$ cat model16.txt   # compact mmCIF, C-alpha atoms and all ligand atoms
# COMPACT_ATOMS: atom_id res chain seq x y z
CA PRO A 1 -1.55 68.29 1.85
CA THR A 2 -2.42 64.89 0.38
CA SER A 3 -1.37 64.05 -3.14
CA PRO A 4 -4.05 63.39 -5.77
CA PRO A 5 -4.81 59.74 -6.49
CA PRO A 6 -2.73 58.23 -9.27
CA THR A 7 -4.53 58.11 -12.57
CA THR A 8 -2.02 56.13 -14.57
CA THR A 9 -0.46 52.73 -13.99
CA PRO A 10 3.18 53.02 -12.95
CA PRO A 11 5.82 51.08 -14.89
CA PRO A 12 6.08 47.42 -13.84
CA GLY A 13 7.97 47.00 -10.61
CA GLN A 14 7.16 50.45 -9.33
CA ARG A 15 4.55 50.45 -6.61
CA VAL A 16 2.06 53.20 -6.00
CA ASP A 17 1.73 54.46 -2.43
CA ASN A 18 -1.88 53.33 -2.10
CA PRO A 19 -3.01 50.50 -4.38
CA TYR A 20 -6.67 51.27 -3.67
CA ALA A 21 -6.56 54.85 -4.84
CA GLY A 22 -8.06 55.86 -8.15
CA VAL A 23 -9.06 52.39 -9.38
CA GLN A 24 -11.98 49.94 -9.20
CA GLY A 25 -11.72 46.80 -7.11
CA TYR A 26 -12.34 43.28 -8.38
CA VAL A 27 -15.84 41.97 -7.70
CA ASN A 28 -15.68 38.23 -6.98
CA PRO A 29 -18.45 36.72 -9.14
CA GLU A 30 -18.79 33.73 -6.81
CA TRP A 31 -19.56 35.95 -3.79
CA LYS A 32 -21.73 38.21 -5.94
CA ALA A 33 -23.92 35.24 -6.90
CA LYS A 34 -24.31 34.21 -3.26
CA ALA A 35 -25.19 37.78 -2.23
CA GLU A 36 -27.79 37.99 -5.00
CA SER A 37 -29.38 34.72 -3.89
CA VAL A 38 -30.80 36.67 -0.94
CA ALA A 39 -33.58 39.23 -1.54
CA GLY A 40 -32.10 42.73 -1.69
CA GLY A 41 -28.55 41.43 -2.02
CA ASN A 42 -28.15 43.22 -5.32
CA ARG A 43 -27.89 46.49 -3.36
CA VAL A 44 -24.39 45.51 -2.22
CA SER A 45 -23.26 42.69 -4.50
CA ASN A 46 -21.09 44.95 -6.65
CA ASN A 47 -18.66 45.63 -3.84
CA PRO A 48 -15.17 44.18 -3.99
CA THR A 49 -14.55 41.37 -1.47
CA ALA A 50 -11.38 39.37 -0.91
CA VAL A 51 -10.71 35.90 -2.27
CA TRP A 52 -9.70 33.57 0.57
CA LEU A 53 -7.02 31.02 -0.24
CA ASP A 54 -7.86 28.92 2.79
CA ARG A 55 -6.19 25.65 1.70
CA ILE A 56 -3.79 24.36 -0.92
CA ALA A 57 -6.65 23.19 -3.12
CA ALA A 58 -8.05 26.73 -3.29
CA ILE A 59 -5.12 27.68 -5.55
CA ASN A 60 -6.74 25.69 -8.35
CA GLY A 61 -10.31 26.07 -7.11
CA THR A 62 -12.40 24.05 -4.69
CA PRO A 63 -15.72 23.17 -6.31
CA ASP A 64 -16.50 20.61 -3.58
CA SER A 65 -15.87 22.73 -0.52
CA SER A 66 -18.43 24.75 1.40
CA SER A 67 -16.35 27.93 1.31
CA ASN A 68 -15.08 29.62 -1.85
CA GLY A 69 -15.80 27.99 -5.15
CA ALA A 70 -14.59 26.52 -8.38
CA MET A 71 -12.45 29.49 -9.35
CA GLY A 72 -8.75 29.30 -8.52
CA VAL A 73 -6.14 32.07 -8.33
CA ARG A 74 -5.62 32.23 -12.09
CA ASP A 75 -9.37 32.27 -12.77
CA HIS A 76 -9.83 35.21 -10.42
CA LEU A 77 -6.90 37.12 -11.91
CA ASP A 78 -8.21 36.54 -15.43
CA ALA A 79 -11.68 37.64 -14.36
CA ALA A 80 -10.17 40.76 -12.80
CA LEU A 81 -8.48 41.61 -16.11
CA ALA A 82 -11.76 41.01 -17.94
CA GLN A 83 -13.55 43.33 -15.50
CA GLY A 84 -10.94 46.01 -16.05
CA ALA A 85 -10.35 46.03 -12.30
CA GLY A 86 -7.40 47.98 -10.93
CA TYR A 87 -6.85 45.88 -7.82
CA ILE A 88 -7.69 42.41 -6.53
CA GLN A 89 -7.50 41.14 -2.95
CA PHE A 90 -6.39 37.68 -1.79
CA VAL A 91 -6.22 36.38 1.77
CA ILE A 92 -3.16 34.23 2.40
CA TYR A 93 -4.51 31.95 5.11
CA ASN A 94 -2.99 28.52 5.57
CA LEU A 95 -0.24 28.68 8.20
CA PRO A 96 0.91 25.48 9.90
CA GLY A 97 -1.21 25.05 13.02
CA ARG A 98 -3.61 27.74 11.86
CA ASP A 99 -6.03 29.51 14.23
CA CYS A 100 -4.14 28.31 17.32
CA SER A 101 -6.44 29.92 19.88
CA ALA A 102 -9.73 28.74 18.38
CA LEU A 103 -11.19 25.75 16.57
CA ALA A 104 -13.63 26.98 13.92
CA SER A 105 -10.97 27.78 11.31
CA ASN A 106 -8.27 25.24 12.02
CA GLY A 107 -6.61 24.43 8.74
CA GLU A 108 -5.16 21.49 6.90
CA LEU A 109 -1.49 21.89 7.89
CA GLY A 110 -0.18 20.54 11.18
CA PRO A 111 2.19 22.72 13.25
CA ASP A 112 5.30 21.06 11.77
CA GLU A 113 4.32 21.43 8.12
CA LEU A 114 6.17 24.66 7.32
CA PRO A 115 7.97 23.00 4.38
CA ARG A 116 4.62 22.17 2.75
CA TYR A 117 3.35 25.69 3.44
CA LYS A 118 6.30 27.05 1.50
CA SER A 119 6.50 24.64 -1.42
CA GLU A 120 2.87 23.62 -1.93
CA TYR A 121 1.13 26.84 -0.95
CA ILE A 122 3.19 30.06 -1.13
CA ASP A 123 5.42 29.08 -4.08
CA PRO A 124 2.55 28.18 -6.46
CA ILE A 125 0.60 31.32 -5.50
CA ALA A 126 3.68 33.47 -6.14
CA ALA A 127 4.26 31.75 -9.48
CA ILE A 128 0.76 32.65 -10.66
CA GLN A 129 0.67 36.18 -9.22
CA GLY A 130 4.03 36.83 -10.88
CA GLU A 131 2.86 35.99 -14.41
CA ALA A 132 3.57 38.82 -16.83
CA LYS A 133 -0.01 39.18 -18.01
CA TYR A 134 -1.07 40.35 -14.54
CA ARG A 135 1.61 42.98 -14.12
CA ASN A 136 -0.75 45.93 -14.50
CA LEU A 137 -3.10 44.66 -11.79
CA ARG A 138 -2.41 45.74 -8.23
CA ILE A 139 -2.47 42.46 -6.33
CA VAL A 140 -3.17 42.92 -2.62
CA ASN A 141 -2.33 40.05 -0.28
CA ILE A 142 -3.77 40.07 3.23
CA ILE A 143 -1.22 38.07 5.18
CA GLU A 144 -2.31 35.43 7.67
CA ILE A 145 -5.06 36.75 9.86
CA ASP A 146 -5.31 35.78 13.53
CA SER A 147 -1.76 34.49 13.65
CA LEU A 148 1.10 36.63 15.02
CA PRO A 149 -0.92 38.39 17.78
CA ASN A 150 -1.77 34.97 19.18
CA LEU A 151 1.93 34.42 19.92
CA VAL A 152 1.75 37.33 22.36
CA THR A 153 -1.70 36.98 23.88
CA ASN A 154 -2.65 33.30 23.72
CA THR A 155 0.50 31.50 24.82
CA SER A 156 1.42 30.20 28.27
CA GLY A 157 1.35 32.83 30.98
CA ASN A 158 -1.84 34.36 29.53
CA ALA A 159 -5.32 33.53 30.76
CA GLY A 160 -6.31 32.34 27.30
CA GLY A 161 -3.14 30.39 26.51
CA THR A 162 -3.44 27.24 24.36
CA VAL A 163 -1.09 24.34 23.69
CA MET A 164 -1.21 24.93 19.93
CA CYS A 165 -0.18 28.58 20.29
CA ASP A 166 2.75 27.49 22.48
CA THR A 167 3.74 24.94 19.84
CA VAL A 168 3.75 27.34 16.88
CA LYS A 169 5.56 29.95 18.92
CA ALA A 170 8.27 27.50 19.97
CA ASN A 171 8.83 26.03 16.50
CA GLY A 172 8.70 29.36 14.65
CA ALA A 173 5.98 28.21 12.24
CA TYR A 174 4.07 31.51 12.22
CA VAL A 175 7.06 33.86 12.21
CA ASN A 176 8.94 31.95 9.54
CA GLY A 177 5.81 31.26 7.50
CA VAL A 178 4.83 34.93 7.43
CA GLY A 179 8.40 36.00 6.66
CA TYR A 180 8.55 33.55 3.78
CA ALA A 181 5.21 34.67 2.37
CA LEU A 182 6.26 38.34 2.56
CA ALA A 183 9.60 37.73 0.88
CA LYS A 184 8.28 35.51 -1.88
CA LEU A 185 5.16 37.52 -2.72
CA GLY A 186 6.88 40.85 -2.10
CA ALA A 187 9.41 40.05 -4.80
CA ILE A 188 6.65 40.64 -7.36
CA GLY A 189 6.62 44.32 -8.29
CA ASN A 190 2.84 44.74 -8.46
CA VAL A 191 2.08 42.87 -5.22
CA TYR A 192 1.08 44.76 -2.06
CA ASN A 193 1.36 42.91 1.26
CA TYR A 194 -0.74 43.91 4.27
CA ILE A 195 -0.13 41.94 7.47
CA ASP A 196 -3.01 41.26 9.82
CA ALA A 197 -2.78 43.26 13.07
CA ALA A 198 -5.82 42.04 15.03
CA HIS A 199 -8.21 44.75 16.34
CA HIS A 200 -8.52 47.17 19.26
CA GLY A 201 -10.45 44.69 21.40
CA TRP A 202 -7.54 42.29 21.13
CA ILE A 203 -4.36 44.36 21.34
CA GLY A 204 -5.53 47.80 22.49
CA TRP A 205 -4.09 47.30 25.98
CA ASP A 206 -0.58 48.62 26.73
CA SER A 207 0.52 45.11 27.66
CA ASN A 208 -0.30 43.83 24.14
CA PHE A 209 0.15 46.87 21.87
CA GLY A 210 3.95 47.20 21.89
CA PRO A 211 4.72 43.48 22.13
CA VAL A 212 2.46 42.68 19.15
CA ALA A 213 4.10 45.46 17.10
CA ASP A 214 7.49 43.91 17.92
CA GLN A 215 6.18 40.47 16.96
CA LEU A 216 5.00 41.79 13.58
CA LYS A 217 8.40 43.33 13.01
CA ALA A 218 10.16 40.07 13.89
CA ALA A 219 8.09 38.24 11.25
CA ALA A 220 8.63 40.99 8.66
CA VAL A 221 12.39 40.41 8.85
CA ALA A 222 12.28 36.60 9.13
CA SER A 223 13.08 34.07 6.39
CA GLY A 224 14.97 36.59 4.28
CA SER A 225 12.22 39.24 4.28
CA THR A 226 12.70 42.93 5.03
CA VAL A 227 10.23 45.63 6.03
CA ALA A 228 10.24 46.77 2.40
CA ASN A 229 7.97 43.80 1.67
CA VAL A 230 5.25 45.31 3.85
CA GLN A 231 3.00 48.00 2.38
CA GLY A 232 0.76 48.13 5.40
CA PHE A 233 -1.43 46.36 7.94
CA ILE A 234 -5.06 45.45 8.26
CA VAL A 235 -7.18 45.59 11.40
CA ASN A 236 -10.56 44.09 12.28
CA THR A 237 -10.30 41.34 9.67
CA ALA A 238 -13.45 39.20 9.88
CA ASN A 239 -14.25 40.97 13.14
CA TYR A 240 -17.00 43.20 14.47
CA SER A 241 -15.29 46.08 16.28
CA ALA A 242 -16.99 49.41 15.53
CA LEU A 243 -15.22 51.80 13.20
CA LYS A 244 -16.13 54.88 15.25
CA GLU A 245 -17.90 55.29 18.59
CA PRO A 246 -19.63 58.62 18.08
CA TYR A 247 -21.20 58.93 21.58
CA VAL A 248 -18.43 57.81 23.89
CA LYS A 249 -14.75 58.78 23.95
CA ILE A 250 -12.03 56.95 25.82
CA THR A 251 -11.13 60.24 27.54
CA ASP A 252 -14.67 60.87 28.89
CA THR A 253 -15.23 60.69 32.64
CA VAL A 254 -18.39 60.01 34.67
CA ASN A 255 -18.59 60.75 38.42
CA GLY A 256 -14.80 60.95 38.56
CA GLN A 257 -14.29 57.62 36.82
CA THR A 258 -12.78 57.31 33.37
CA VAL A 259 -14.38 55.36 30.56
CA ARG A 260 -11.32 53.14 30.65
CA GLN A 261 -12.56 51.85 34.00
CA SER A 262 -15.89 50.67 32.57
CA LYS A 263 -16.52 46.96 32.26
CA TRP A 264 -16.72 47.30 28.49
CA ALA A 265 -13.36 49.08 28.05
CA ASP A 266 -11.68 47.19 30.92
CA TRP A 267 -8.67 49.57 30.78
CA ASN A 268 -8.27 49.32 27.02
CA GLN A 269 -6.79 52.51 25.48
CA TYR A 270 -9.21 52.45 22.54
CA LEU A 271 -12.92 52.13 21.92
CA ASP A 272 -12.95 51.89 18.14
CA GLU A 273 -10.97 50.73 15.15
CA LEU A 274 -10.22 54.05 13.48
CA SER A 275 -8.46 55.52 16.52
CA PHE A 276 -6.67 52.23 17.14
CA ALA A 277 -5.54 51.79 13.51
CA GLN A 278 -4.12 55.31 13.35
CA ALA A 279 -2.25 54.90 16.63
CA PHE A 280 -0.94 51.46 15.76
CA ARG A 281 0.33 52.79 12.44
CA GLN A 282 2.42 55.37 14.31
CA LYS A 283 3.76 52.69 16.59
CA LEU A 284 4.75 50.46 13.66
CA VAL A 285 6.54 53.33 11.92
CA SER A 286 8.36 54.14 15.16
CA ILE A 287 9.83 50.62 15.33
CA GLY A 288 11.11 50.63 11.77
CA PHE A 289 8.33 50.05 9.24
CA ASP A 290 8.27 52.45 6.27
CA SER A 291 6.80 55.84 7.07
CA ASN A 292 4.39 55.54 4.13
CA ILE A 293 2.71 52.31 5.24
CA GLY A 294 -1.08 52.48 5.14
CA MET A 295 -3.74 50.77 7.20
CA LEU A 296 -6.78 48.86 6.00
CA ILE A 297 -9.89 48.39 8.12
CA ASP A 298 -12.23 45.49 7.41
CA THR A 299 -15.64 47.16 7.56
CA SER A 300 -17.59 44.23 6.18
CA ARG A 301 -19.56 43.58 9.35
CA ASN A 302 -18.94 46.41 11.83
CA GLY A 303 -21.84 48.68 10.90
CA TRP A 304 -23.99 48.27 14.06
CA GLY A 305 -26.95 50.16 12.61
CA GLY A 306 -30.62 49.23 12.72
CA THR A 307 -33.26 50.16 15.28
CA ALA A 308 -31.14 49.23 18.33
CA ARG A 309 -28.36 51.70 17.46
CA PRO A 310 -28.00 54.40 20.15
CA THR A 311 -28.66 57.93 18.97
CA GLY A 312 -26.81 59.76 21.74
CA PRO A 313 -24.70 59.29 24.87
CA GLY A 314 -25.79 56.99 27.68
CA PRO A 315 -26.95 58.27 31.10
CA SER A 316 -24.34 59.75 33.44
CA THR A 317 -25.52 57.67 36.41
CA SER A 318 -22.43 55.43 36.34
CA VAL A 319 -19.54 54.87 34.02
CA ASP A 320 -20.99 51.51 32.96
CA ALA A 321 -24.43 52.98 32.26
CA TYR A 322 -22.80 55.74 30.25
CA VAL A 323 -20.68 53.42 28.13
CA ASP A 324 -23.28 50.68 27.68
CA GLY A 325 -26.01 53.16 26.80
CA GLY A 326 -23.95 55.05 24.26
CA ARG A 327 -21.78 52.49 22.51
CA VAL A 328 -22.84 51.44 19.02
CA ASP A 329 -20.90 48.14 19.24
CA ARG A 330 -23.55 46.04 20.96
CA ARG A 331 -21.63 42.83 21.56
CA PHE A 332 -21.49 41.32 25.04
CA HIS A 333 -17.69 41.63 24.93
CA THR A 334 -15.06 42.84 22.46
CA GLY A 335 -13.54 39.34 22.46
CA ASN A 336 -16.65 37.89 20.79
CA TRP A 337 -15.91 37.05 17.17
CA CYS A 338 -18.34 34.48 15.84
CA ASN A 339 -21.47 35.35 13.78
CA GLN A 340 -22.44 38.23 16.06
CA ALA A 341 -26.16 38.81 16.49
CA GLY A 342 -27.23 42.37 15.74
CA ALA A 343 -24.27 43.27 13.50
CA GLY A 344 -24.66 45.11 10.22
CA LEU A 345 -22.66 45.81 7.09
CA GLY A 346 -20.19 48.62 7.72
CA GLU A 347 -18.78 51.33 5.49
CA ARG A 348 -18.71 50.33 1.83
CA PRO A 349 -15.19 49.78 0.50
CA ARG A 350 -13.39 52.99 -0.48
CA ALA A 351 -9.90 54.42 -0.70
CA ASN A 352 -8.30 57.11 1.49
CA PRO A 353 -11.23 57.55 3.91
CA GLU A 354 -9.13 59.02 6.76
CA PRO A 355 -5.50 60.02 7.40
CA GLY A 356 -3.23 56.98 7.54
CA ILE A 357 -5.96 54.66 6.24
CA ASP A 358 -5.41 53.31 2.71
CA ALA A 359 -8.94 51.93 2.49
CA TYR A 360 -12.03 50.53 4.08
CA VAL A 361 -12.25 47.03 2.68
CA TRP A 362 -14.55 44.03 2.79
CA VAL A 363 -12.11 41.24 3.43
CA LYS A 364 -14.51 38.85 5.13
CA PRO A 365 -17.18 38.32 2.49
CA PRO A 366 -20.41 39.25 4.30
CA GLY A 367 -22.72 36.24 4.65
CA GLU A 368 -19.94 33.67 4.98
CA SER A 369 -20.11 32.01 8.40
CA ASP A 370 -17.43 32.34 11.07
CA GLY A 371 -18.11 28.84 12.38
CA SER A 372 -20.90 26.36 13.08
CA SER A 373 -23.16 26.83 16.07
CA LYS A 374 -23.01 23.12 16.80
CA GLU A 375 -20.70 20.32 15.79
CA ILE A 376 -21.03 19.53 12.07
CA PRO A 377 -18.81 16.71 10.79
CA ASN A 378 -16.87 17.84 7.71
CA SER A 379 -13.82 16.93 5.69
CA GLU A 380 -12.46 20.49 5.58
CA GLY A 381 -10.59 20.53 8.89
CA LYS A 382 -13.15 22.84 10.48
CA GLY A 383 -13.66 22.22 14.18
CA PHE A 384 -16.51 23.25 16.44
CA ASP A 385 -15.73 26.27 18.59
CA ARG A 386 -18.19 26.99 21.34
CA MET A 387 -17.75 30.72 20.74
CA CYS A 388 -20.12 30.05 17.82
CA ASP A 389 -22.72 28.42 20.08
CA PRO A 390 -25.35 30.95 21.24
CA THR A 391 -25.81 29.06 24.53
CA TYR A 392 -22.09 29.19 25.48
CA THR A 393 -21.21 31.23 28.56
CA GLY A 394 -17.65 31.98 27.53
CA ASN A 395 -14.03 31.51 28.58
CA ALA A 396 -11.03 33.59 29.62
CA ARG A 397 -10.60 35.04 26.13
CA ASN A 398 -14.00 36.74 26.22
CA GLY A 399 -14.13 37.53 29.92
CA ASN A 400 -16.59 34.66 30.48
CA ASN A 401 -19.43 36.37 28.66
CA MET A 402 -22.14 34.90 26.45
CA SER A 403 -20.89 34.25 22.90
CA GLY A 404 -23.47 36.48 21.21
CA ALA A 405 -23.47 34.17 18.18
CA LEU A 406 -26.44 33.65 15.87
CA PRO A 407 -28.06 30.20 15.97
CA ASP A 408 -28.15 27.66 13.12
CA ALA A 409 -24.84 28.65 11.54
CA PRO A 410 -23.03 26.40 9.04
CA ILE A 411 -19.25 25.71 9.21
CA SER A 412 -16.84 28.59 8.68
CA GLY A 413 -16.76 29.89 5.15
CA ALA A 414 -20.12 28.36 4.22
CA TRP A 415 -22.97 30.61 3.10
CA PHE A 416 -25.22 31.78 5.93
CA ALA A 417 -28.19 33.49 4.32
CA ALA A 418 -29.91 34.45 7.59
CA GLN A 419 -26.77 36.26 8.72
CA PHE A 420 -26.51 38.10 5.41
CA GLN A 421 -30.13 39.23 5.77
CA GLN A 422 -29.44 40.63 9.23
CA LEU A 423 -26.23 42.32 8.07
CA MET A 424 -28.18 44.16 5.39
CA GLN A 425 -30.96 45.07 7.82
CA ASN A 426 -28.50 46.55 10.34
CA ALA A 427 -26.19 48.16 7.81
CA TYR A 428 -24.56 51.44 8.84
CA PRO A 429 -24.52 53.53 6.74
CA ALA A 430 -27.98 52.14 6.00
CA LEU A 431 -28.80 50.70 2.59
CA SER A 432 -31.25 52.65 0.49
C1 LIG B 1 -12.88 30.18 6.96
C2 LIG B 1 -12.42 30.06 5.52
C3 LIG B 1 -13.21 31.01 4.65
C4 LIG B 1 -13.15 32.40 5.21
C5 LIG B 1 -13.97 33.41 4.43
C6 LIG B 1 -12.83 31.60 7.42
O1 LIG B 1 -13.38 31.70 8.69
O2 LIG B 1 -12.10 29.36 7.79
O3 LIG B 1 -12.61 28.74 5.07
O4 LIG B 1 -12.70 30.99 3.34
O5 LIG B 1 -13.59 32.42 6.55
O6 LIG B 1 -15.33 33.23 4.60

$ encode --input "model16.txt" --output "structure tokens" --more "lines below"
Ligand code: BGC
Amino acid sequence: PTSPPPTTTPPPGQRVDNPYAGVQGYVNPEWKAKAESVAGGNRVSNNPTAVWLDRIAAINGTPDSSSNGAMGVRDHLDAALAQGAGYIQFVIYNLPGRDCSALASNGELGPDELPRYKSEYIDPIAAIQGEAKYRNLRIVNIIEIDSLPNLVTNTSGNAGGTVMCDTVKANGAYVNGVGYALAKLGAIGNVYNYIDAAHHGWIGWDSNFGPVADQLKAAAVASGSTVANVQGFIVNTANYSALKEPYVKITDTVNGQTVRQSKWADWNQYLDELSFAQAFRQKLVSIGFDSNIGMLIDTSRNGWGGTARPTGPGPSTSVDAYVDGGRVDRRFHTGNWCNQAGAGLGERPRANPEPGIDAYVWVKPPGESDGSSKEIPNSEGKGFDRMCDPTYTGNARNGNNMSGALPDAPISGAWFAAQFQQLMQNAYPALS
């Protein structure tokens, strides 16, 4: 039996099991305004989305940048109190040598700038989050997306290995940075840390699944942290992997071939995020994380509805025809991550949707670009990654497939109205 959601705030310093349960989430007024600038956006603009702290300046607010806005950490916390919100979500996203396997979200800190990460980024955030007036808010921190899994899958010896991933693996920047963030933020009694754990199309293979779990554990006990600083993990952050594949199961077979042998699955053990998240949770508990950890799934852009959504299984003529005809995730490849054409808004944020899942969340604010579709000079450290170029034919990390990206995209984090329109159009569940 599951316990009823908490209805009262626990005494300071005592965490609830699931910070999402029984309370309203903070609606970021800056995202809300952008959503409402597009016709029909008011149908979804009251959903909670995360606040991305994507550079040191974001702590005090970045009125001049193309992502985020003038509000800093304190402004958002004050606004959350004024809203009577029960929880607020921040993304801690500024590791040294950030985004080591891609270019669109490279950050401001070089690979050797761990000391600045600690003193100029984590420490000031912790000081604000720890202020007494916020003690009754549940403060959720999403810890460093797209970081630790890269140390397993995108270093030398892997087809997609990069020099930057080798560098941050060798110098410990990611492991020690994450450990420090967990320890410092986890010392605040009303803070809930969820570490990013990629998605099924990244670590759903046996060769990545266990090693990434071990890598997450190594970071959770680095820099003076312990596993007690980890309340859970998030999957599919800012990604497009389907929540559920209703018409194709990984255990299905066609003409004596298993779905795992299809081009799409390519021997992966999972086809969707829910099955992956639940299995990965078990794995993490088995290697020493608390047995009450919960998973989050970013459902901001994994809806895959609209007129092109399959309504039943594909034909049984071949395993590829079966999988490609029945899958709702319509990307060219599960490694595609930038501004995917055809995607829709996914499940609206809510607590306790499935066993082991603390919440469906919208961490990537829908309508904010993943990266520019051509080179756009900028002073925000954002590079041009060809995975955001619709004409690109791919690389080892996406099996040399087309990128599937929408055209005419601005730099990562900037508002992309055309994408937001399509996300609403292809929402699943559909918008009324
Ligand atoms: C960008 C950040 C932005 C975030 C949320 C990331 O891809 O690099 O600058 O804040 O997306 O949109």

$ axis_aligned_box --input "model16.txt" --around "range 219-224 of chain A" --padding-each-side "4 Å" --output "JSON"
{"center_x": 11.5, "center_y": 37.5, "center_z": 7.8, "size_x": 14.9, "size_y": 14.9, "size_z": 15.0}

$ atom_distance --input "model16.txt" --atom1 "CA of Tyr121 in chain A" --atom2 "CA of Tyr26 in chain A"
22.5 Å

$ residues_around --input "model16.txt" --residues "range 319-325 of chain A" --least-positions-apart "5" --cutoff "7 Å" --atoms "all atoms listed in the file" --output "PyMOL selection string"
chain A and resi 248+254+257+259+262-263+313-314

$ residues_near_ligand --input "model16.txt" --ligand "ligand LIG 1 (chain B)" --cutoff "9 Å" --atoms "all atoms listed in the file" --output "MDAnalysis selection string"
chainID A and resid 50:55 65:68 91 93 99 104:107 238 363:371 380 382 411:415

$ residues_around --input "model16.txt" --residues "Cys338 in chain A" --least-positions-apart "6" --cutoff "9 Å" --atoms "all atoms listed in the file" --output "PDB file with C-alpha atoms, keeping the file's coordinate frame"
ATOM      1  CA  ASN A 239     -14.250  40.970  13.140  1.00  0.00           C
ATOM      2  CA  TYR A 240     -17.000  43.200  14.470  1.00  0.00           C
ATOM      3  CA  SER A 369     -20.110  32.010   8.400  1.00  0.00           C
ATOM      4  CA  ASP A 370     -17.430  32.340  11.070  1.00  0.00           C
ATOM      5  CA  GLY A 371     -18.110  28.840  12.380  1.00  0.00           C
ATOM      6  CA  SER A 372     -20.900  26.360  13.080  1.00  0.00           C
ATOM      7  CA  MET A 387     -17.750  30.720  20.740  1.00  0.00           C
ATOM      8  CA  CYS A 388     -20.120  30.050  17.820  1.00  0.00           C
ATOM      9  CA  ASP A 389     -22.720  28.420  20.080  1.00  0.00           C
ATOM     10  CA  SER A 403     -20.890  34.250  22.900  1.00  0.00           C
ATOM     11  CA  GLY A 404     -23.470  36.480  21.210  1.00  0.00           C
ATOM     12  CA  ALA A 405     -23.470  34.170  18.180  1.00  0.00           C
ATOM     13  CA  LEU A 406     -26.440  33.650  15.870  1.00  0.00           C
TER      14      LEU A 406
END

$ atom_distance --input "model16.txt" --atom1 "CA of Asp290 in chain A" --atom2 "CA of Ser223 in chain A"
19.0 Å

$ closest_residue --input "model16.txt" --among "A:Lys133, A:Trp362, A:Arg98, A:Ile128" --to "Ala82 in chain A" --atoms "all atoms listed in the file"
A:Lys133

$ closest_residue --input "model16.txt" --among "A:Val285, A:Ile139, A:Ile145, A:Ala126" --to "Thr237 in chain A" --atoms "only C-alpha atoms"
A:Ile145

$ atom_distance --input "model16.txt" --atom1 "CA of Arg309 in chain A" --atom2 "CA of Trp264 in chain A"
16.6 Å

$ closest_residue --input "model16.txt" --among "A:Cys165, A:Val361, A:Ala198, A:Leu137" --to "Gln83 in chain A" --atoms "all atoms listed in the file"
A:Leu137

$ closest_residue --input "model16.txt" --among "A:Ser275, A:Ser119, A:Thr155, A:Asn141" --to "His199 in chain A" --atoms "only C-alpha atoms"
A:Ser275

$ closest_residue --input "model16.txt" --among "A:Gly177, A:Arg301, A:Pro410, A:Trp205" --to "Pro377 in chain A" --atoms "all atoms listed in the file"
A:Pro410

$ residues_near_point --input "model16.txt" --point "(-9.6, 33.0, 26.3)" --cutoff "10 Å" --atoms "all atoms listed in the file" --output "NGL selection string"
:A and (101-102 or 153-154 or 158-162 or 335 or 394-400)

$ closest_residue --input "model16.txt" --among "A:Tyr270, A:Phe289, A:Trp202, A:Tyr360" --to "Ala219 in chain A" --atoms "all atoms listed in the file"
A:Phe289

$ residues_around --input "model16.txt" --residues "Thr62 in chain A" --least-positions-apart "5" --cutoff "8 Å" --atoms "only C-alpha atoms" --output "number ranges by chain"
A: 57, 68-72

$ residues_around --input "model16.txt" --residues "Ala33 in chain A" --least-positions-apart "3" --cutoff "12 Å" --atoms "all atoms listed in the file" --output "PDB file with C-alpha atoms, in the frame of the given file"
ATOM      1  CA  VAL A  27     -15.840  41.970  -7.700  1.00  0.00           C
ATOM      2  CA  ASN A  28     -15.680  38.230  -6.980  1.00  0.00           C
ATOM      3  CA  PRO A  29     -18.450  36.720  -9.140  1.00  0.00           C
ATOM      4  CA  GLU A  30     -18.790  33.730  -6.810  1.00  0.00           C
ATOM      5  CA  GLU A  36     -27.790  37.990  -5.000  1.00  0.00           C
ATOM      6  CA  SER A  37     -29.380  34.720  -3.890  1.00  0.00           C
ATOM      7  CA  VAL A  38     -30.800  36.670  -0.940  1.00  0.00           C
ATOM      8  CA  ALA A  39     -33.580  39.230  -1.540  1.00  0.00           C
ATOM      9  CA  GLY A  41     -28.550  41.430  -2.020  1.00  0.00           C
ATOM     10  CA  ASN A  42     -28.150  43.220  -5.320  1.00  0.00           C
ATOM     11  CA  VAL A  44     -24.390  45.510  -2.220  1.00  0.00           C
ATOM     12  CA  SER A  45     -23.260  42.690  -4.500  1.00  0.00           C
ATOM     13  CA  ASN A  46     -21.090  44.950  -6.650  1.00  0.00           C
ATOM     14  CA  ASN A  68     -15.080  29.620  -1.850  1.00  0.00           C
ATOM     15  CA  GLY A  69     -15.800  27.990  -5.150  1.00  0.00           C
ATOM     16  CA  PRO A 365     -17.180  38.320   2.490  1.00  0.00           C
ATOM     17  CA  GLY A 367     -22.720  36.240   4.650  1.00  0.00           C
ATOM     18  CA  TRP A 415     -22.970  30.610   3.100  1.00  0.00           C
TER      19      TRP A 415
END

$ residues_around --input "model16.txt" --residues "range 123-125 of chain A" --least-positions-apart "2" --cutoff "12 Å" --atoms "only C-alpha atoms" --output "PyMOL selection string"
chain A and resi 53+55-60+72-74+77+90-94+115-121+127-131+139+141+177+180-188+191
